[in-house]
>>> print(open('model.cif').read())   # mmCIF, C-alpha atoms and all ligand atoms
data_coords
loop_
_atom_site.label_atom_id
_atom_site.label_comp_id
_atom_site.auth_asym_id
_atom_site.auth_seq_id
_atom_site.Cartn_x
_atom_site.Cartn_y
_atom_site.Cartn_z
CA MET A 58 -128.90 -45.77 -119.12
CA LYS A 59 -129.51 -49.37 -118.09
CA LYS A 60 -131.50 -49.92 -121.25
CA SER A 61 -128.73 -48.77 -123.53
CA VAL A 62 -126.22 -51.00 -121.73
CA ASN A 63 -128.54 -53.91 -122.20
CA SER A 64 -129.09 -53.19 -125.85
CA GLY A 65 -125.32 -52.96 -126.25
CA LEU A 66 -124.93 -56.34 -124.61
CA ARG A 67 -127.66 -57.80 -126.72
CA ARG A 68 -126.07 -56.51 -129.86
CA ARG A 69 -122.72 -57.93 -128.89
CA LEU A 70 -124.30 -61.21 -127.98
CA LEU A 71 -126.29 -61.57 -131.13
CA PHE A 72 -124.03 -60.35 -133.82
CA GLY A 73 -120.65 -60.24 -132.13
CA ALA A 74 -118.70 -57.13 -131.32
CA ALA A 75 -116.19 -55.90 -133.85
CA GLY A 76 -113.43 -56.84 -131.42
CA ALA A 77 -114.88 -60.09 -130.17
CA GLY A 78 -111.86 -62.05 -131.31
CA SER A 79 -111.97 -65.72 -132.17
CA LEU A 80 -115.05 -67.76 -131.53
CA ALA A 81 -113.38 -69.34 -128.52
CA ALA A 82 -113.12 -65.88 -127.00
CA LEU A 83 -116.88 -65.61 -127.17
CA LYS A 84 -117.30 -67.94 -124.18
CA PRO A 85 -117.70 -65.14 -121.61
CA LEU A 86 -120.73 -63.96 -123.55
CA ARG A 87 -122.62 -66.78 -121.93
CA ILE A 88 -122.24 -65.01 -118.62
CA LEU A 89 -123.35 -61.75 -120.18
CA ALA A 90 -126.40 -63.52 -121.51
CA ALA A 91 -127.34 -64.67 -118.04
CA GLU A 92 -126.94 -61.12 -116.79
CA VAL A 93 -129.13 -59.68 -119.47
CA GLY A 94 -131.80 -62.24 -118.66
CA SER A 95 -135.29 -61.78 -119.96
CA SER A 96 -134.77 -58.07 -120.63
CA ALA A 97 -133.27 -59.24 -123.92
CA ALA A 98 -136.63 -60.65 -125.01
CA SER A 99 -136.95 -58.23 -127.88
CA GLY A 100 -135.88 -60.07 -130.97
CA PHE A 101 -132.71 -59.07 -132.75
CA ALA A 102 -130.34 -56.85 -130.85
CA GLU A 103 -131.89 -53.43 -130.42
CA ILE A 104 -134.22 -54.06 -133.32
CA PRO A 105 -137.76 -53.99 -132.04
CA ALA A 106 -139.95 -57.06 -132.26
CA GLY A 107 -143.29 -57.96 -130.77
CA ALA A 108 -144.68 -55.50 -128.25
CA LEU A 109 -141.64 -53.27 -128.35
CA ALA A 110 -141.97 -52.91 -132.08
CA GLU A 111 -145.59 -51.86 -132.05
CA GLN A 112 -144.78 -48.24 -131.41
CA HIS A 113 -142.56 -48.23 -134.50
CA LEU A 114 -144.89 -50.12 -136.79
CA TYR A 115 -146.72 -48.16 -139.44
CA ALA A 116 -148.94 -49.27 -142.31
CA LEU A 117 -148.24 -47.45 -145.58
CA PRO A 118 -150.99 -47.60 -148.23
CA GLY A 119 -151.14 -51.16 -149.57
CA LYS A 120 -148.74 -52.49 -146.96
CA VAL A 121 -149.04 -54.37 -143.69
CA PRO A 122 -147.48 -52.56 -140.73
CA LEU A 123 -143.74 -52.34 -141.36
CA ILE A 124 -140.97 -51.10 -139.10
CA LYS A 125 -140.66 -47.39 -139.72
CA LYS A 126 -137.15 -46.01 -140.01
CA THR A 127 -137.95 -42.69 -141.69
CA TYR A 128 -141.25 -41.41 -142.99
CA ARG A 129 -140.07 -38.91 -145.57
CA PRO A 130 -138.53 -40.28 -147.70
CA PRO A 131 -140.17 -43.61 -146.81
CA ASN A 132 -137.79 -46.18 -145.34
CA PHE A 133 -139.63 -49.15 -143.83
CA GLU A 134 -138.30 -52.59 -143.04
CA THR A 135 -139.98 -55.97 -143.01
CA PRO A 136 -140.72 -57.56 -139.63
CA ILE A 137 -139.02 -60.90 -139.12
CA GLU A 138 -142.17 -63.03 -139.21
CA TYR A 139 -142.46 -62.45 -142.97
CA PHE A 140 -139.14 -64.23 -143.49
CA ARG A 141 -140.59 -67.51 -142.24
CA THR A 142 -141.53 -68.27 -145.85
CA PRO A 143 -138.97 -68.09 -148.65
CA ILE A 144 -141.05 -65.63 -150.72
CA THR A 145 -141.72 -62.24 -149.17
CA PRO A 146 -145.31 -61.06 -149.71
CA ASN A 147 -145.70 -57.85 -151.73
CA ASN A 148 -147.58 -56.12 -148.93
CA ALA A 149 -144.76 -56.86 -146.48
CA PHE A 150 -141.85 -56.09 -148.81
CA PHE A 151 -139.51 -53.41 -147.47
CA VAL A 152 -139.49 -49.89 -148.89
CA ARG A 153 -136.43 -47.78 -149.46
CA TYR A 154 -136.37 -44.32 -151.07
CA HIS A 155 -133.67 -41.66 -151.03
CA LEU A 156 -135.83 -38.78 -152.17
CA ALA A 157 -139.26 -37.74 -151.03
CA GLY A 158 -140.65 -36.76 -154.44
CA ILE A 159 -141.97 -40.18 -155.40
CA ALA A 160 -143.66 -40.19 -158.76
CA GLN A 161 -147.22 -41.53 -159.05
CA VAL A 162 -146.87 -43.06 -162.49
CA ARG A 163 -149.94 -44.24 -164.40
CA ALA A 164 -149.30 -47.37 -166.40
CA ALA A 165 -150.94 -45.86 -169.50
CA ASP A 166 -148.73 -42.76 -169.36
CA TRP A 167 -145.49 -44.55 -168.62
CA ARG A 168 -142.77 -44.53 -171.29
CA LEU A 169 -139.35 -46.12 -171.19
CA SER A 170 -136.84 -44.14 -173.20
CA VAL A 171 -133.84 -46.17 -174.37
CA GLY A 172 -130.78 -44.82 -176.16
CA GLY A 173 -127.57 -43.00 -175.30
CA GLU A 174 -124.35 -42.14 -177.13
CA SER A 175 -123.37 -45.82 -177.43
CA ALA A 176 -126.75 -46.95 -178.77
CA GLY A 177 -127.54 -47.28 -182.46
CA ARG A 178 -130.81 -45.37 -182.09
CA GLU A 179 -133.27 -43.95 -179.59
CA LEU A 180 -136.54 -45.76 -178.93
CA GLU A 181 -139.48 -45.33 -176.61
CA PHE A 182 -141.57 -48.19 -175.27
CA THR A 183 -144.97 -48.33 -173.63
CA LEU A 184 -145.79 -50.94 -171.01
CA ASP A 185 -148.01 -52.75 -173.52
CA GLN A 186 -145.17 -52.92 -176.02
CA LEU A 187 -142.86 -54.43 -173.42
CA LYS A 188 -145.47 -57.03 -172.60
CA LYS A 189 -146.39 -57.84 -176.22
CA ASP A 190 -143.19 -57.44 -178.22
CA PHE A 191 -140.70 -59.17 -175.95
CA GLU A 192 -140.27 -62.67 -174.62
CA PRO A 193 -141.35 -62.70 -170.95
CA ALA A 194 -138.73 -63.60 -168.37
CA GLU A 195 -139.05 -64.55 -164.73
CA ILE A 196 -136.60 -64.96 -161.88
CA THR A 197 -136.74 -65.47 -158.12
CA ALA A 198 -134.27 -63.11 -156.53
CA VAL A 199 -133.39 -61.36 -153.29
CA CYS A 200 -133.45 -57.57 -153.23
CA GLN A 201 -131.37 -56.51 -150.25
CA CYS A 202 -130.32 -53.01 -149.33
CA SER A 203 -126.53 -52.58 -149.14
CA GLY A 204 -127.09 -51.15 -145.66
CA ASN A 205 -129.23 -53.99 -144.30
CA ARG A 206 -128.14 -54.50 -140.63
CA ARG A 207 -126.33 -51.14 -140.56
CA GLY A 208 -127.99 -50.49 -137.20
CA LEU A 209 -126.00 -53.41 -135.76
CA PHE A 210 -122.63 -51.90 -136.65
CA GLU A 211 -120.23 -51.31 -133.79
CA PRO A 212 -118.89 -48.69 -133.81
CA HIS A 213 -122.04 -47.12 -135.22
CA VAL A 214 -122.08 -45.50 -138.64
CA ALA A 215 -124.41 -42.86 -140.04
CA GLY A 216 -127.30 -43.71 -142.35
CA VAL A 217 -130.68 -45.41 -142.03
CA GLN A 218 -130.32 -47.65 -138.96
CA TRP A 219 -131.65 -50.79 -140.58
CA GLY A 220 -132.17 -53.97 -138.60
CA VAL A 221 -132.35 -57.31 -140.36
CA GLY A 222 -135.37 -56.59 -142.57
CA ALA A 223 -134.13 -54.33 -145.37
CA MET A 224 -134.47 -57.23 -147.77
CA GLY A 225 -137.01 -59.42 -149.48
CA ASN A 226 -137.27 -62.27 -151.96
CA ALA A 227 -139.77 -62.27 -154.80
CA VAL A 228 -140.60 -63.81 -158.16
CA TRP A 229 -139.93 -60.98 -160.60
CA ARG A 230 -141.48 -61.06 -164.05
CA GLY A 231 -140.81 -58.77 -166.95
CA VAL A 232 -138.50 -58.66 -169.93
CA ARG A 233 -134.77 -59.08 -170.30
CA LEU A 234 -132.89 -55.81 -170.43
CA LYS A 235 -130.58 -57.35 -173.05
CA ASP A 236 -133.53 -57.83 -175.42
CA ILE A 237 -134.45 -54.16 -175.11
CA LEU A 238 -130.85 -53.06 -175.58
CA ALA A 239 -130.62 -55.26 -178.68
CA LYS A 240 -133.50 -53.27 -180.22
CA VAL A 241 -131.57 -50.01 -179.99
CA GLY A 242 -128.23 -51.62 -180.82
CA VAL A 243 -125.26 -51.82 -178.47
CA GLN A 244 -122.19 -50.18 -180.00
CA SER A 245 -118.72 -51.55 -179.34
CA ASP A 246 -117.68 -48.57 -177.19
CA ALA A 247 -120.52 -49.13 -174.69
CA LEU A 248 -119.00 -49.17 -171.20
CA GLU A 249 -121.92 -48.68 -168.80
CA VAL A 250 -125.70 -48.56 -168.89
CA VAL A 251 -127.27 -45.68 -166.96
CA PHE A 252 -130.71 -45.96 -165.35
CA GLY A 253 -132.94 -43.03 -164.50
CA PRO A 254 -136.05 -42.98 -162.30
CA ALA A 255 -139.17 -40.83 -162.26
CA ASP A 256 -138.69 -39.75 -158.63
CA HIS A 257 -136.87 -36.58 -157.71
CA ALA A 258 -135.82 -34.43 -154.79
CA VAL A 259 -138.33 -32.11 -153.19
CA ILE A 260 -135.60 -29.61 -152.43
CA GLU A 261 -133.74 -29.28 -155.69
CA LYS A 262 -130.25 -29.78 -154.29
CA THR A 263 -130.09 -33.59 -154.30
CA PRO A 264 -129.57 -35.10 -157.74
CA PRO A 265 -132.07 -37.72 -158.98
CA PHE A 266 -131.37 -41.36 -158.09
CA VAL A 267 -129.47 -42.30 -161.25
CA LYS A 268 -127.41 -45.50 -161.18
CA SER A 269 -125.24 -47.32 -163.69
CA LEU A 270 -124.14 -50.90 -164.27
CA PRO A 271 -121.21 -52.37 -166.22
CA VAL A 272 -122.49 -53.11 -169.74
CA GLU A 273 -121.86 -56.85 -169.30
CA VAL A 274 -124.08 -56.94 -166.20
CA ALA A 275 -126.80 -55.04 -168.05
CA LEU A 276 -126.55 -57.61 -170.86
CA ASP A 277 -126.69 -60.58 -168.48
CA GLU A 278 -129.72 -62.73 -169.19
CA ASN A 279 -130.84 -62.47 -165.56
CA THR A 280 -131.06 -58.67 -165.55
CA LEU A 281 -134.71 -57.74 -166.06
CA ILE A 282 -137.02 -54.82 -166.37
CA ALA A 283 -139.79 -56.18 -164.17
CA PHE A 284 -143.39 -55.09 -164.00
CA GLU A 285 -144.66 -57.95 -161.87
CA MET A 286 -143.75 -59.16 -158.42
CA ASN A 287 -145.12 -62.48 -157.13
CA GLY A 288 -147.72 -62.57 -159.91
CA LYS A 289 -149.08 -59.05 -159.36
CA PRO A 290 -148.20 -55.61 -160.67
CA LEU A 291 -145.38 -54.01 -158.66
CA PRO A 292 -146.67 -52.14 -155.60
CA HIS A 293 -146.38 -48.37 -156.05
CA LEU A 294 -143.66 -48.13 -153.39
CA ASN A 295 -141.68 -50.99 -154.94
CA GLY A 296 -141.41 -49.31 -158.30
CA PHE A 297 -144.71 -49.40 -160.20
CA PRO A 298 -145.01 -49.68 -163.12
CA ALA A 299 -141.50 -51.00 -163.86
CA ARG A 300 -138.18 -51.45 -162.10
CA LEU A 301 -134.79 -52.88 -162.75
CA VAL A 302 -134.00 -56.32 -161.28
CA VAL A 303 -130.30 -57.13 -160.97
CA PRO A 304 -130.12 -60.59 -159.35
CA GLY A 305 -127.15 -60.95 -157.01
CA TRP A 306 -126.40 -57.22 -156.89
CA THR A 307 -127.41 -55.12 -153.89
CA GLY A 308 -130.71 -53.21 -153.97
CA THR A 309 -129.16 -49.87 -154.88
CA TYR A 310 -128.99 -50.92 -158.55
CA TRP A 311 -132.64 -52.02 -158.66
CA VAL A 312 -133.91 -48.64 -159.90
CA LYS A 313 -137.65 -48.20 -159.32
CA GLN A 314 -140.06 -46.17 -161.46
CA LEU A 315 -137.51 -46.70 -164.21
CA ILE A 316 -138.04 -44.33 -167.16
CA SER A 317 -134.69 -44.04 -168.89
CA VAL A 318 -131.95 -46.43 -170.03
CA ARG A 319 -128.83 -45.02 -171.69
CA LEU A 320 -125.79 -46.77 -173.14
CA VAL A 321 -122.70 -44.69 -172.45
CA SER A 322 -118.98 -44.90 -173.25
CA LYS A 323 -117.74 -43.08 -170.14
CA PRO A 324 -118.20 -43.86 -166.43
CA GLU A 325 -121.39 -42.28 -165.11
CA GLN A 326 -120.48 -39.62 -162.58
CA ASN A 327 -123.12 -38.41 -160.22
CA PHE A 328 -123.45 -38.40 -156.44
CA TRP A 329 -125.12 -41.85 -156.33
CA MET A 330 -122.23 -43.47 -158.21
CA SER A 331 -119.16 -41.42 -157.28
CA THR A 332 -119.84 -40.70 -153.61
CA ALA A 333 -122.60 -42.94 -152.25
CA TYR A 334 -122.67 -46.74 -152.27
CA ARG A 335 -118.91 -47.14 -152.22
CA LEU A 336 -116.57 -49.40 -150.27
CA PRO A 337 -112.89 -49.17 -149.43
CA ARG A 338 -111.20 -50.75 -152.43
CA GLY A 339 -110.46 -54.46 -152.11
CA LYS A 340 -112.02 -54.82 -148.67
CA PHE A 341 -114.53 -57.43 -149.84
CA LYS A 342 -114.03 -60.31 -152.26
CA THR A 343 -117.00 -59.29 -154.39
CA PRO A 344 -116.58 -58.54 -158.12
CA SER A 345 -115.12 -55.18 -159.01
CA PHE A 346 -117.09 -52.57 -160.98
CA LYS A 347 -113.93 -51.70 -162.90
CA SER A 348 -114.96 -48.55 -164.75
CA GLN A 349 -116.02 -46.98 -161.44
CA VAL A 350 -112.90 -47.70 -159.36
CA THR A 351 -111.29 -44.44 -158.26
CA GLY A 352 -108.43 -44.00 -155.83
CA ALA A 353 -109.18 -45.76 -152.59
CA SER A 354 -112.81 -46.68 -153.23
CA GLU A 355 -115.06 -48.70 -155.50
CA PRO A 356 -118.82 -49.21 -155.78
CA ILE A 357 -120.55 -51.95 -153.86
CA THR A 358 -121.54 -54.77 -156.25
CA THR A 359 -122.94 -58.18 -155.30
CA MET A 360 -124.29 -59.30 -151.94
CA VAL A 361 -122.17 -61.26 -149.48
CA VAL A 362 -123.35 -64.63 -148.14
CA ASN A 363 -125.68 -64.34 -145.18
CA SER A 364 -128.37 -66.08 -143.12
CA LEU A 365 -131.11 -65.29 -140.65
CA ILE A 366 -132.66 -67.49 -137.97
CA THR A 367 -136.42 -66.88 -138.05
CA SER A 368 -137.84 -69.55 -135.74
CA LEU A 369 -136.40 -68.19 -132.49
CA MET A 370 -136.58 -64.90 -130.67
CA SER A 371 -133.78 -63.57 -128.59
CA GLY A 372 -134.40 -64.33 -124.92
CA GLN A 373 -137.14 -66.80 -125.75
CA GLN A 374 -137.76 -69.38 -123.03
CA ILE A 375 -137.70 -72.99 -124.15
CA PRO A 376 -138.89 -75.86 -121.96
CA HIS A 377 -136.07 -78.15 -120.88
CA GLY A 378 -135.94 -81.40 -122.83
CA LYS A 379 -137.98 -80.07 -125.71
CA PRO A 380 -136.05 -80.07 -129.00
CA ILE A 381 -135.40 -76.65 -130.50
CA GLU A 382 -136.23 -76.10 -134.15
CA VAL A 383 -133.65 -73.80 -135.71
CA LYS A 384 -135.15 -72.54 -138.95
CA GLY A 385 -134.25 -69.70 -141.20
CA ILE A 386 -133.16 -68.47 -144.59
CA ALA A 387 -129.80 -68.07 -146.31
CA TRP A 388 -128.78 -66.19 -149.45
CA ASP A 389 -125.74 -64.82 -151.28
CA GLY A 390 -124.72 -62.87 -154.36
CA GLY A 391 -125.69 -65.52 -156.87
CA ALA A 392 -123.45 -68.57 -156.43
CA GLY A 393 -126.28 -70.21 -154.50
CA ILE A 394 -126.26 -71.66 -151.00
CA ASP A 395 -124.14 -74.76 -150.48
CA SER A 396 -124.74 -75.33 -146.77
CA VAL A 397 -125.97 -73.83 -143.55
CA GLU A 398 -124.50 -75.08 -140.31
CA VAL A 399 -125.77 -74.56 -136.80
CA SER A 400 -123.77 -74.46 -133.59
CA ILE A 401 -124.99 -74.52 -130.01
CA ASP A 402 -121.54 -74.60 -128.42
CA PHE A 403 -120.13 -71.19 -129.43
CA GLY A 404 -118.78 -72.52 -132.68
CA ALA A 405 -116.77 -75.43 -131.25
CA SER A 406 -118.82 -77.80 -133.39
CA TRP A 407 -121.20 -77.30 -136.29
CA GLN A 408 -124.01 -79.43 -137.62
CA ARG A 409 -125.37 -79.21 -141.14
CA ALA A 410 -128.95 -78.06 -141.40
CA LYS A 411 -131.36 -79.51 -143.96
CA LEU A 412 -131.88 -77.15 -146.88
CA GLY A 413 -135.32 -76.37 -148.26
CA ARG A 414 -136.41 -76.38 -151.89
CA ASP A 415 -134.00 -74.77 -154.33
CA LEU A 416 -135.78 -71.79 -155.88
CA GLY A 417 -132.71 -70.78 -157.87
CA ARG A 418 -129.30 -69.41 -157.03
CA PHE A 419 -130.52 -65.84 -156.43
CA SER A 420 -133.31 -66.80 -154.02
CA PHE A 421 -133.61 -67.19 -150.26
CA ARG A 422 -132.94 -70.82 -149.35
CA GLU A 423 -134.65 -72.21 -146.28
CA PHE A 424 -132.78 -74.27 -143.69
CA THR A 425 -133.92 -76.34 -140.69
CA LEU A 426 -132.19 -78.22 -137.92
CA VAL A 427 -133.61 -79.61 -134.71
CA VAL A 428 -131.19 -79.36 -131.79
CA PRO A 429 -131.57 -80.73 -128.27
CA ALA A 430 -132.06 -78.45 -125.26
CA ARG A 431 -130.18 -80.64 -122.83
CA GLU A 432 -128.95 -78.24 -120.19
CA ARG A 433 -130.93 -75.62 -118.35
CA GLY A 434 -129.71 -72.07 -118.64
CA SER A 435 -128.82 -69.72 -121.41
CA MET A 436 -127.86 -71.13 -124.74
CA VAL A 437 -126.53 -69.41 -127.83
CA VAL A 438 -127.66 -70.65 -131.22
CA MET A 439 -125.48 -69.75 -134.20
CA ALA A 440 -126.06 -70.21 -137.92
CA ARG A 441 -123.42 -69.98 -140.63
CA ALA A 442 -124.13 -70.09 -144.36
CA THR A 443 -121.61 -71.03 -147.03
CA SER A 444 -122.15 -70.38 -150.73
CA ARG A 445 -121.35 -72.69 -153.63
CA SER A 446 -118.33 -70.53 -154.36
CA GLY A 447 -116.97 -71.35 -150.89
CA GLU A 448 -117.68 -67.94 -149.36
CA THR A 449 -118.77 -68.16 -145.74
CA GLN A 450 -120.16 -65.71 -143.18
CA VAL A 451 -117.61 -63.79 -141.15
CA GLU A 452 -116.89 -64.15 -137.43
CA ARG A 453 -116.08 -60.48 -137.05
CA LEU A 454 -117.60 -57.47 -138.71
CA ILE A 455 -115.69 -56.05 -141.65
CA HIS A 456 -116.16 -52.43 -140.73
CA ASN A 457 -116.60 -49.87 -143.51
CA PRO A 458 -117.65 -46.22 -143.34
CA ALA A 459 -121.06 -46.57 -144.98
CA GLY A 460 -122.13 -49.66 -143.03
CA TYR A 461 -122.55 -52.17 -145.85
CA HIS A 462 -122.27 -55.97 -146.13
CA HIS A 463 -123.01 -56.92 -142.51
CA ASN A 464 -122.84 -60.71 -142.54
CA VAL A 465 -121.46 -61.55 -139.12
CA ILE A 466 -122.50 -65.01 -137.91
CA GLN A 467 -125.66 -64.54 -135.85
CA ARG A 468 -125.55 -65.48 -132.19
CA LEU A 469 -129.05 -65.82 -130.87
CA TYR A 470 -129.57 -66.36 -127.19
CA VAL A 471 -132.42 -68.48 -125.83
CA GLU A 472 -133.11 -69.67 -122.31
CA VAL A 473 -133.75 -73.32 -121.49
CA VAL A 474 -135.95 -73.44 -118.40
N1 LIG B 1 -136.31 -44.71 -158.03
C1 LIG B 1 -135.63 -45.21 -157.01
N2 LIG B 1 -135.25 -46.48 -157.09
C2 LIG B 1 -134.56 -47.05 -156.06
C3 LIG B 1 -134.20 -46.31 -154.91
C4 LIG B 1 -134.63 -44.94 -154.86
O1 LIG B 1 -134.37 -44.22 -153.89
N3 LIG B 1 -135.34 -44.44 -155.92
N4 LIG B 1 -133.49 -46.92 -153.90
C5 LIG B 1 -132.75 -48.14 -154.23
C6 LIG B 1 -132.30 -48.89 -153.08
S1 LIG B 1 -130.96 -48.26 -152.25
C7 LIG B 1 -132.86 -50.09 -152.69
S2 LIG B 1 -132.23 -50.97 -151.41
C8 LIG B 1 -134.01 -50.65 -153.43
C9 LIG B 1 -135.12 -51.03 -152.47
O2 LIG B 1 -136.20 -51.59 -153.15
P1 LIG B 1 -137.64 -51.65 -152.49
O3 LIG B 1 -137.99 -50.28 -152.00
O4 LIG B 1 -138.54 -52.16 -153.53
O5 LIG B 1 -137.55 -52.60 -151.34
O6 LIG B 1 -134.52 -49.74 -154.39
C10 LIG B 1 -133.54 -49.07 -155.13
N5 LIG B 1 -134.19 -48.35 -156.19
MO MO B 2 -130.35 -49.66 -150.53
#
>>> encode(input="model.cif", output="structure tokens", more="lines below")
Ligand SMILES: Nc1nc2c(c(=O)[nH]1)N[C@H]1C(S)=C(S)[C@@H](COP(=O)(O)O)O[C@H]1N2
Ligand SMILES: [Mo]
Amino acid sequence: MKKSVNSGLRRRLLFGAAGAGSLAALKPLRILAAEVGSSAASGFAEIPAGALAEQHLYALPGKVPLIKKTYRPPNFETPIEYFRTPITPNNAFFVRYHLAGIAQVRAADWRLSVGGESAGRELEFTLDQLKKDFEPAEITAVCQCSGNRRGLFEPHVAGVQWGVGAMGNAVWRGVRLKDILAKVGVQSDALEVVFGPADHAVIEKTPPFVKSLPVEVALDENTLIAFEMNGKPLPHLNGFPARLVVPGWTGTYWVKQLISVRLVSKPEQNFWMSTAYRLPRGKFKTPSFKSQVTGASEPITTMVVNSLITSLMSGQQIPHGKPIEVKGIAWDGGAGIDSVEVSIDFGASWQRAKLGRDLGRFSFREFTLVVPARERGSMVVMARATSRSGETQVERLIHNPAGYHHNVIQRLYVEVV
């Protein structure tokens, strides 16, 4: 009982309750923080870190121990320490699957079939052909699950209860999808491009994880079919031998074990497009996937601006007088990060952090700011990222039924002793 109250308090403290009101109204949280005391020393909200996490950590083949959410299908998130560098290592990259029948594809057997009713012809490519016959392309981009931070939603929503680690940033290398589509010919009536994977349901009821994109997004020069991640072949659980990379768009479109690409003239209708991965229409200022808008809902599209403090742990004790290094990463849906500001006075004033090297507008961007620890007692550190399109993190959660787009300004409590 006590534990759940504490975790509730922690959650409210760190990410703000849905009804927290203006930032000024957050002042009483300082008292709550003092009450919670060192029992909050467990990282982000109820998300396990350190000792607490150990019981939930599990090493999949080829991976370091990751935070297990579900085993079958595998859903594992990245522990926070791997976000202390802007590139997420392959062996620590999160894993998300909807269906348990994951295909073990051999590179030599793999074929990509490309065609569809709005293509000029049907073609099949081997991995060697992709590597030899097309100009290579490379991009650094964040793959983030739409439901990253769903576990921090208040009120709670159903689905994988992700903490902050259902995301990663990598250098993806492969070929441009537009070059492949050009080979089959894109007819003028092409509306969407439909992507099919090799994985399938174990119980036949669930349809395969087929996703579509607007044709103009598929033809964007940044949309890749990638077979390398950070200079190595894709790990099996991250899509070996080839996956779709859609910089700026949420992870759901990044189809792994990709085997089929079809140009179509009508909106793709299957469970994963028509029912799952949808938002109440107009609730977010992200681009609209026009051909898929129906009634009151529309598909999720690009990521919202967000940031994560990685240098501090919730409840961490900091010696009085010693400066506090506030470090972390920020990212958005592709405008690029303009600024990250830090506040240590509940948002009354903000100071600009120094940004790290620019690895491109789709990448994590590091930030650092050293703040003084002048007064003893609990202290709340906040970080707020703003993109180059002027979008900034929200003070209050924009609630939605599927638990997507959590980008509430983080409020991380530390104790100056
Ligand atoms: N084949 C296949 N591809 C998939 C999925 C899936 O279930 N099957 N899940 C998608 C979702 S929702 C996300 S968030 C990303 C996660 O990529 P990762 O597992 O490499 O981290 O893969 C996407 N591609
Ligand atoms: Mo996802």
>>> residues_near_ligand(input="model.cif", ligand="ligand LIG 1 (chain B)", cutoff="7 Å", atoms="only C-alpha atoms and all ligand atoms", output="number ranges by chain")
A: 150-156, 200-203, 224, 254-256, 266, 294-296, 307-315
>>> closest_residue(input="model.cif", among="A:Gln218, A:Ser371, A:Gln326, A:Thr449", to="ligand MO 2 (chain B)", atoms="only C-alpha atoms and all ligand atoms")
A:Gln218
>>> residues_near_point(input="model.cif", point="(-137.5, -61.2, -141.2)", cutoff="7 Å", atoms="only C-alpha atoms", output="VMD selection string")
chain A and resid 135 to 140 221 to 222 367
>>> closest_atom_pairs(input="model.cif", of="stretch 354-452 of chain A", to="stretch 300-304 of chain A", cutoff="10 Å", atoms="all atoms listed in the file", output="tab-separated table")
residue	atom	partner	partner_atom	distance
A:Thr359	CA	A:Pro304	CA	8.6
A:Met360	CA	A:Pro304	CA	9.5
A:Gly390	CA	A:Pro304	CA	7.7
A:Gly391	CA	A:Pro304	CA	7.1
A:Arg418	CA	A:Pro304	CA	9.2
A:Phe419	CA	A:Pro304	CA	6.0
A:Ser420	CA	A:Pro304	CA	8.8
>>> axis_aligned_box(input="model.cif", around="stretch 293-296 of chain A", padding_each_side="3 Å", output="JSON")
{"center_x": -143.9, "center_y": -49.6, "center_z": -155.8, "size_x": 11.0, "size_y": 8.9, "size_z": 10.9}
>>> closest_atom_pairs(input="model.cif", of="stretch 245-293 of chain A", to="stretch 172-175 of chain A", cutoff="8 Å", atoms="only C-alpha atoms", output="CSV")
residue,atom,partner,partner_atom,distance
A:Ser245,CA,A:Ser175,CA,7.6
A:Asp246,CA,A:Ser175,CA,6.3
A:Ala247,CA,A:Ser175,CA,5.2
>>> residues_around(input="model.cif", residues="A:Glu249", least_positions_apart="4", cutoff="7 Å", atoms="all atoms listed in the file", output="JSON list (two decimals) with C-alpha atoms, in the frame of the given file")
[["chain", "number", "residue", "atom", "x", "y", "z"],
["A", 269, "SER", "CA", -125.24, -47.32, -163.69],
["A", 270, "LEU", "CA", -124.14, -50.90, -164.27],
["A", 271, "PRO", "CA", -121.21, -52.37, -166.22],
["A", 272, "VAL", "CA", -122.49, -53.11, -169.74],
["A", 320, "LEU", "CA", -125.79, -46.77, -173.14],
["A", 321, "VAL", "CA", -122.70, -44.69, -172.45],
["A", 322, "SER", "CA", -118.98, -44.90, -173.25],
["A", 324, "PRO", "CA", -118.20, -43.86, -166.43]]
>>> residues_around(input="model.cif", residues="A:Leu117", least_positions_apart="2", cutoff="10 Å", atoms="all atoms listed in the file", output="NGL selection string")
:A and (114-115 or 119-123 or 125 or 128 or 131 or 133 or 148 or 152 or 294)
>>> closest_residue(input="model.cif", among="A:Met286, A:Ala223, A:Val471, A:Leu291", to="ligand MO 2 (chain B)", atoms="only C-alpha atoms and all ligand atoms")
A:Ala223
>>> closest_residue(input="model.cif", among="A:Gly216, A:Gly372, A:Gly253, A:Pro380", to="ligand MO 2 (chain B)", atoms="only C-alpha atoms and all ligand atoms")
A:Gly216
